Amino acid sequence: MRHFGHIAPAVRERLFFREPCAFGPDSPARMLAAALGATLYSPATRPRLADDVIKQAGRGVVSMVLCLEDSIDDSEVVGAEENLVGQFADLDARGAEVPLLFIRVREPDQVVDLVRRLGDAVRLLSGFVLPKFTEERGVPFLEALGQAEKACGRRLFAMPVLESPELLHLETRRETLQGIAGTVDKYREQVLALRLGVTDFCSAYGLRRAPDMTAYDVQIVGSVIADVVNVLGRADGTGFTITGPVWEYFRLQERMFKPQLRRSPFLEGRVEELRTALIEHDLDGLLREIELDRANGLLGKTCIHPSHVAPVHALSVVSHEEFSDARDILRPERDGGGVMRSAYTNKMNEVKPHRAWAERTLQRAEVFGVAREDIGFVELLAAGVVE
């Protein structure tokens with residue numbers, strides 16, 4: 001699979017200076033963590049889940065979480081597990097290409113049990129999402145994951161969700177973060193990425209952000225994100241990929257919006273018109289939050305509606321200007337440091353302070369590609385939205 005692999009090769013060639021690379025479940029963990037993109041969540045109770053997975057893969061989704069936790073009622077768990085096992089068997093029988101698939105479980109025992117019940121279809125499973133992760137609660141999950149790996153003979157990843165009240169509350173935050181950091185470091189080979197559960201953070205204080213507000217506008221939430229990145233997102237080799245929080249709103253009327261996108265793959269000068277349409281269709285808050293995710297060191301995003309996927313991926317593509325700066329900073333002859341004017345002549349590139357940024361930018365460029373010089377977000381979004 002590859003990002004933007006669902007669009008015609010000729011269109012990709014016109015959009016990208018460097019196209020996104022191909023990757024799959026067996027690719028290096030570092031690449032997969034960067035490539036997660038918009039991770040689409042779906043309740044495991046959906047009766048046509050296999051069809052949904054295949055459909056979303058055809059729309060450009062490269063990672064999905066099939067949820068047995070908060071998205072379903074407590075009384076539905078047993079039936080949801082049975083449905084999940086049957087849907088995996090259906091997918092396996094069809095032999096279709098599927099996204100990276102993860103199961104969000106409630107308890108550690110489910111990890112081993114589900115891997116056993118999946119049988120040969122476990123080959124389609126990339127790992128598990130671990131809810132309300134702390135040191136105390138997380139270790140049993142990670143130990144169960146190790147047992148499941150041995151039982152099925154394949155690599156399985158963990159994606160812990162940081163959403164517990166202990167992490168939110170000021171008096172327990174430092175100790176909780178230190179415990180989480182020690183735990184994920186010990187199990188580093190199994191941990192693909194860390195996910196932020198901002199809805200649970202808001203719930204602890206009876207809050208819910210409006211569609212014109214980002215998670216960062218809710219200051220108590222923004223402070224937790226900052227501390228999580230501070231401890232767990234460092235660029236010195238000790239950090240992990242941390243993904244952006246969920247955007248809860250999806251009032252976008254896709255049938256009204258898509259014709260505007262489809263009129264021309266290059267919009268025929270209608271960029272401003274389309275930007276206005278984005279705002280009018282309630283995407284403005286989402287777009288601002290994605291930009292703030294990136295500015296605060298997060299990569300990828302939890303999504304609960306397919307209409308969010310294309311904007312996340314379009315804003316993940318590296319611009320030609322970013323690529324030019326990153327490549328210049330990392331030239332071998334610059335290893336000694338120094339300062340230079342950017343090739344776009346609009347900024348200073350200081351080699352040593354900007355090196356970590358440049359390395360992360362080239363990693364993102366590998367999996368999401370580099371846009372051509374005259375291609376921006378709106379053109380990438382227009383190409384990415386399909387029926």
# chains A, B, ... in the order shown; residues from 1 in each chain; ligands from 1
>>> select_by_dssp(residues="stretch 149-216 of chain A", states="alpha helix (DSSP H)", output="JSON, numbers by chain")
{"A": [149, 150, 151, 152, 165, 166, 167, 168, 170, 171, 172, 173, 174, 175, 176, 177, 178, 179, 180, 181, 182, 183, 184, 185, 186, 198, 199, 200, 201, 202, 203]}
>>> residues_around(residues="A:Lys186", least_positions_apart="3", cutoff="12 Å", atoms="only C-alpha atoms", output="ChimeraX atom specification")
/A:135,138-139,142-143,179-183,189-191,238
>>> write_last_selection(atoms="N, CA and C atoms", output="mmCIF file, in the first residue's frame")
data_model
loop_
_atom_site.group_PDB
_atom_site.id
_atom_site.type_symbol
_atom_site.label_atom_id
_atom_site.label_comp_id
_atom_site.auth_asym_id
_atom_site.auth_seq_id
_atom_site.Cartn_x
_atom_site.Cartn_y
_atom_site.Cartn_z
ATOM 1 N N GLU A 135 1.291 2.695 33.697
ATOM 2 C CA GLU A 135 2.251 1.634 34.002
ATOM 3 C C GLU A 135 1.544 0.417 34.584
ATOM 4 N N GLY A 138 -0.866 -0.988 31.911
ATOM 5 C CA GLY A 138 -0.282 -1.305 30.623
ATOM 6 C C GLY A 138 0.576 -2.554 30.586
ATOM 7 N N VAL A 139 1.292 -2.830 31.667
ATOM 8 C CA VAL A 139 2.199 -3.980 31.665
ATOM 9 C C VAL A 139 1.471 -5.293 31.360
ATOM 10 N N LEU A 142 0.867 -5.538 27.642
ATOM 11 C CA LEU A 142 2.074 -5.766 26.850
ATOM 12 C C LEU A 142 2.612 -7.187 27.047
ATOM 13 N N GLU A 143 2.466 -7.717 28.240
ATOM 14 C CA GLU A 143 2.851 -9.113 28.466
ATOM 15 C C GLU A 143 1.944 -10.049 27.670
ATOM 16 N N GLY A 179 5.946 6.735 34.863
ATOM 17 C CA GLY A 179 5.647 5.304 34.801
ATOM 18 C C GLY A 179 5.378 4.835 33.387
ATOM 19 N N ILE A 180 4.619 5.635 32.625
ATOM 20 C CA ILE A 180 4.345 5.291 31.231
ATOM 21 C C ILE A 180 5.647 5.270 30.426
ATOM 22 N N ALA A 181 6.494 6.278 30.656
ATOM 23 C CA ALA A 181 7.757 6.365 29.911
ATOM 24 C C ALA A 181 8.627 5.146 30.168
ATOM 25 N N GLY A 182 8.727 4.725 31.420
ATOM 26 C CA GLY A 182 9.531 3.547 31.737
ATOM 27 C C GLY A 182 8.965 2.288 31.110
ATOM 28 N N THR A 183 7.643 2.185 31.100
ATOM 29 C CA THR A 183 6.997 0.984 30.558
ATOM 30 C C THR A 183 7.171 0.885 29.050
ATOM 31 N N GLU A 189 10.211 -2.288 21.414
ATOM 32 C CA GLU A 189 10.090 -3.002 20.146
ATOM 33 C C GLU A 189 8.640 -3.314 19.799
ATOM 34 N N GLN A 190 7.770 -3.329 20.805
ATOM 35 C CA GLN A 190 6.368 -3.651 20.559
ATOM 36 C C GLN A 190 5.503 -2.418 20.357
ATOM 37 N N VAL A 191 5.947 -1.267 20.836
ATOM 38 C CA VAL A 191 5.117 -0.059 20.815
ATOM 39 C C VAL A 191 5.328 0.691 19.503
ATOM 40 N N THR A 238 14.878 8.781 22.223
ATOM 41 C CA THR A 238 14.097 8.161 23.291
ATOM 42 C C THR A 238 12.598 8.290 23.065
#
>>> residues_around(residues="A:Ser164", least_positions_apart="2", cutoff="12 Å", atoms="only C-alpha atoms", output="PyMOL selection string")
chain A and resi 130-138+160-162+166-169+172-173+176-177+180+195-204+224
>>> residues_around(residues="A:Leu125", least_positions_apart="4", cutoff="10 Å", atoms="only C-alpha atoms", output="ChimeraX atom specification")
/A:25,88,98-103,115,118,121,154-157
>>> select_by_dssp(residues="stretch 68-241 of chain A", states="strand (DSSP E or B)", output="PyMOL selection string")
chain A and resi 100-104+125-130+157-162+191+194-196
>>> closest_residue(among="A:Glu82, A:Ala10, A:Ala93, A:Arg59", to="A:Asp113", atoms="only C-alpha atoms")
A:Glu82
>>> closest_residue(among="A:Ser63, A:Ser27, A:Asn83, A:Gln178", to="A:Leu49", atoms="only C-alpha atoms")
A:Asn83
>>> residues_around(residues="A:Arg94", least_positions_apart="2", cutoff="12 Å", atoms="only C-alpha atoms", output="JSON, numbers by chain")
{"A": [50, 51, 53, 54, 87, 88, 89, 90, 91, 92, 96, 97, 98, 121, 124]}
>>> residues_around(residues="A:Met1", least_positions_apart="3", cutoff="7 Å", atoms="only C-alpha atoms", output="list in words")
Gly5, Ala22, Phe23 and Gly24 of chain A
>>> residues_around(residues="A:Cys21", least_positions_apart="4", cutoff="10 Å", atoms="only C-alpha atoms", output="mmCIF file with all heavy atoms, in the first residue's frame")
data_model
loop_
_atom_site.group_PDB
_atom_site.id
_atom_site.type_symbol
_atom_site.label_atom_id
_atom_site.label_comp_id
_atom_site.auth_asym_id
_atom_site.auth_seq_id
_atom_site.Cartn_x
_atom_site.Cartn_y
_atom_site.Cartn_z
ATOM 1 N N MET A 1 0.851 -1.190 0.000
ATOM 2 C CA MET A 1 0.000 0.000 0.000
ATOM 3 C C MET A 1 0.886 1.238 0.000
ATOM 4 O O MET A 1 2.072 1.164 0.317
ATOM 5 C CB MET A 1 -0.933 -0.034 1.220
ATOM 6 C CG MET A 1 -0.266 0.218 2.552
ATOM 7 S SD MET A 1 -1.362 -0.011 3.971
ATOM 8 C CE MET A 1 -1.273 -1.808 4.136
ATOM 9 N N ARG A 2 0.260 2.353 -0.348
ATOM 10 C CA ARG A 2 0.963 3.632 -0.299
ATOM 11 C C ARG A 2 -0.079 4.738 -0.154
ATOM 12 O O ARG A 2 -1.227 4.578 -0.584
ATOM 13 C CB ARG A 2 1.833 3.857 -1.533
ATOM 14 C CG ARG A 2 1.067 4.165 -2.790
ATOM 15 C CD ARG A 2 2.006 4.535 -3.934
ATOM 16 N NE ARG A 2 2.709 3.383 -4.469
ATOM 17 C CZ ARG A 2 4.015 3.357 -4.699
ATOM 18 N NH1 ARG A 2 4.753 4.429 -4.426
ATOM 19 N NH2 ARG A 2 4.596 2.298 -5.206
ATOM 20 N N HIS A 3 0.310 5.852 0.439
ATOM 21 C CA HIS A 3 -0.587 6.989 0.504
ATOM 22 C C HIS A 3 -0.826 7.532 -0.904
ATOM 23 O O HIS A 3 0.099 7.601 -1.722
ATOM 24 C CB HIS A 3 -0.009 8.074 1.406
ATOM 25 C CG HIS A 3 -0.164 7.762 2.866
ATOM 26 N ND1 HIS A 3 -1.384 7.780 3.502
ATOM 27 C CD2 HIS A 3 0.746 7.390 3.805
ATOM 28 C CE1 HIS A 3 -1.225 7.456 4.771
ATOM 29 N NE2 HIS A 3 0.056 7.203 4.978
ATOM 30 N N PHE A 4 -2.064 7.890 -1.166
ATOM 31 C CA PHE A 4 -2.516 8.361 -2.467
ATOM 32 C C PHE A 4 -2.403 7.272 -3.532
ATOM 33 O O PHE A 4 -2.462 7.543 -4.721
ATOM 34 C CB PHE A 4 -1.762 9.624 -2.906
ATOM 35 C CG PHE A 4 -2.010 10.803 -2.007
ATOM 36 C CD1 PHE A 4 -1.199 11.035 -0.897
ATOM 37 C CD2 PHE A 4 -3.058 11.677 -2.238
ATOM 38 C CE1 PHE A 4 -1.426 12.109 -0.046
ATOM 39 C CE2 PHE A 4 -3.296 12.747 -1.399
ATOM 40 C CZ PHE A 4 -2.481 12.973 -0.302
ATOM 41 N N GLY A 5 -2.276 6.021 -3.083
ATOM 42 C CA GLY A 5 -2.221 4.913 -4.029
ATOM 43 C C GLY A 5 -3.555 4.641 -4.695
ATOM 44 O O GLY A 5 -3.619 3.887 -5.676
ATOM 45 N N MET A 31 9.014 3.300 9.925
ATOM 46 C CA MET A 31 8.269 3.726 8.744
ATOM 47 C C MET A 31 6.767 3.614 8.987
ATOM 48 O O MET A 31 6.000 4.529 8.647
ATOM 49 C CB MET A 31 8.666 2.883 7.526
ATOM 50 C CG MET A 31 7.857 3.186 6.273
ATOM 51 S SD MET A 31 8.264 2.126 4.874
ATOM 52 C CE MET A 31 9.894 2.755 4.466
ATOM 53 N N ALA A 35 3.726 6.391 8.895
ATOM 54 C CA ALA A 35 2.785 6.222 7.790
ATOM 55 C C ALA A 35 1.339 6.026 8.236
ATOM 56 O O ALA A 35 0.447 5.976 7.388
ATOM 57 C CB ALA A 35 3.210 5.021 6.934
ATOM 58 N N ALA A 365 8.315 12.792 4.404
ATOM 59 C CA ALA A 365 8.359 12.870 2.945
ATOM 60 C C ALA A 365 8.414 11.485 2.313
ATOM 61 O O ALA A 365 7.835 11.251 1.244
ATOM 62 C CB ALA A 365 9.562 13.696 2.499
ATOM 63 N N GLU A 366 9.096 10.569 2.981
ATOM 64 C CA GLU A 366 9.207 9.211 2.431
ATOM 65 C C GLU A 366 7.841 8.559 2.314
ATOM 66 O O GLU A 366 7.525 7.939 1.294
ATOM 67 C CB GLU A 366 10.126 8.361 3.308
ATOM 68 C CG GLU A 366 10.346 6.955 2.779
ATOM 69 C CD GLU A 366 11.266 6.133 3.658
ATOM 70 O OE1 GLU A 366 11.537 6.549 4.802
ATOM 71 O OE2 GLU A 366 11.713 5.059 3.204
ATOM 72 N N VAL A 367 7.003 8.680 3.343
ATOM 73 C CA VAL A 367 5.735 7.951 3.344
ATOM 74 C C VAL A 367 4.579 8.751 2.757
ATOM 75 O O VAL A 367 3.625 8.164 2.221
ATOM 76 C CB VAL A 367 5.372 7.457 4.764
ATOM 77 C CG1 VAL A 367 6.355 6.402 5.219
ATOM 78 C CG2 VAL A 367 5.310 8.597 5.760
ATOM 79 N N PHE A 368 4.617 10.093 2.840
ATOM 80 C CA PHE A 368 3.527 10.899 2.302
ATOM 81 C C PHE A 368 3.884 11.612 1.006
ATOM 82 O O PHE A 368 3.014 12.186 0.353
ATOM 83 C CB PHE A 368 3.067 11.940 3.334
ATOM 84 C CG PHE A 368 2.272 11.349 4.459
ATOM 85 C CD1 PHE A 368 2.872 11.099 5.689
ATOM 86 C CD2 PHE A 368 0.940 11.028 4.294
ATOM 87 C CE1 PHE A 368 2.142 10.550 6.730
ATOM 88 C CE2 PHE A 368 0.202 10.471 5.325
ATOM 89 C CZ PHE A 368 0.800 10.232 6.550
ATOM 90 N N GLY A 369 5.145 11.599 0.635
ATOM 91 C CA GLY A 369 5.562 12.221 -0.600
ATOM 92 C C GLY A 369 5.857 13.710 -0.450
ATOM 93 O O GLY A 369 5.628 14.317 0.596
#
>>> closest_residue(among="A:Arg46, A:Arg288, A:Arg355, A:His305", to="A:Tyr216", atoms="only C-alpha atoms")
A:Arg288
>>> atom_distance(atom1="atom CA of A:Tyr187", atom2="atom CA of A:Val312")
28.9 Å
>>> closest_residue(among="A:Asp120, A:Asp212, A:Asp52, A:Glu13", to="A:Pro306", atoms="only C-alpha atoms")
A:Asp52
>>> closest_residue(among="A:Ala44, A:Val218, A:Leu32, A:Leu170", to="A:Asp73", atoms="only C-alpha atoms")
A:Ala44
>>> closest_residue(among="A:Tyr205, A:Phe128, A:Phe141, A:Trp247", to="A:Ala158", atoms="only C-alpha atoms")
A:Phe128
>>> atom_distance(atom1="atom CA of A:Trp357", atom2="atom CA of A:Val61")
26.2 Å
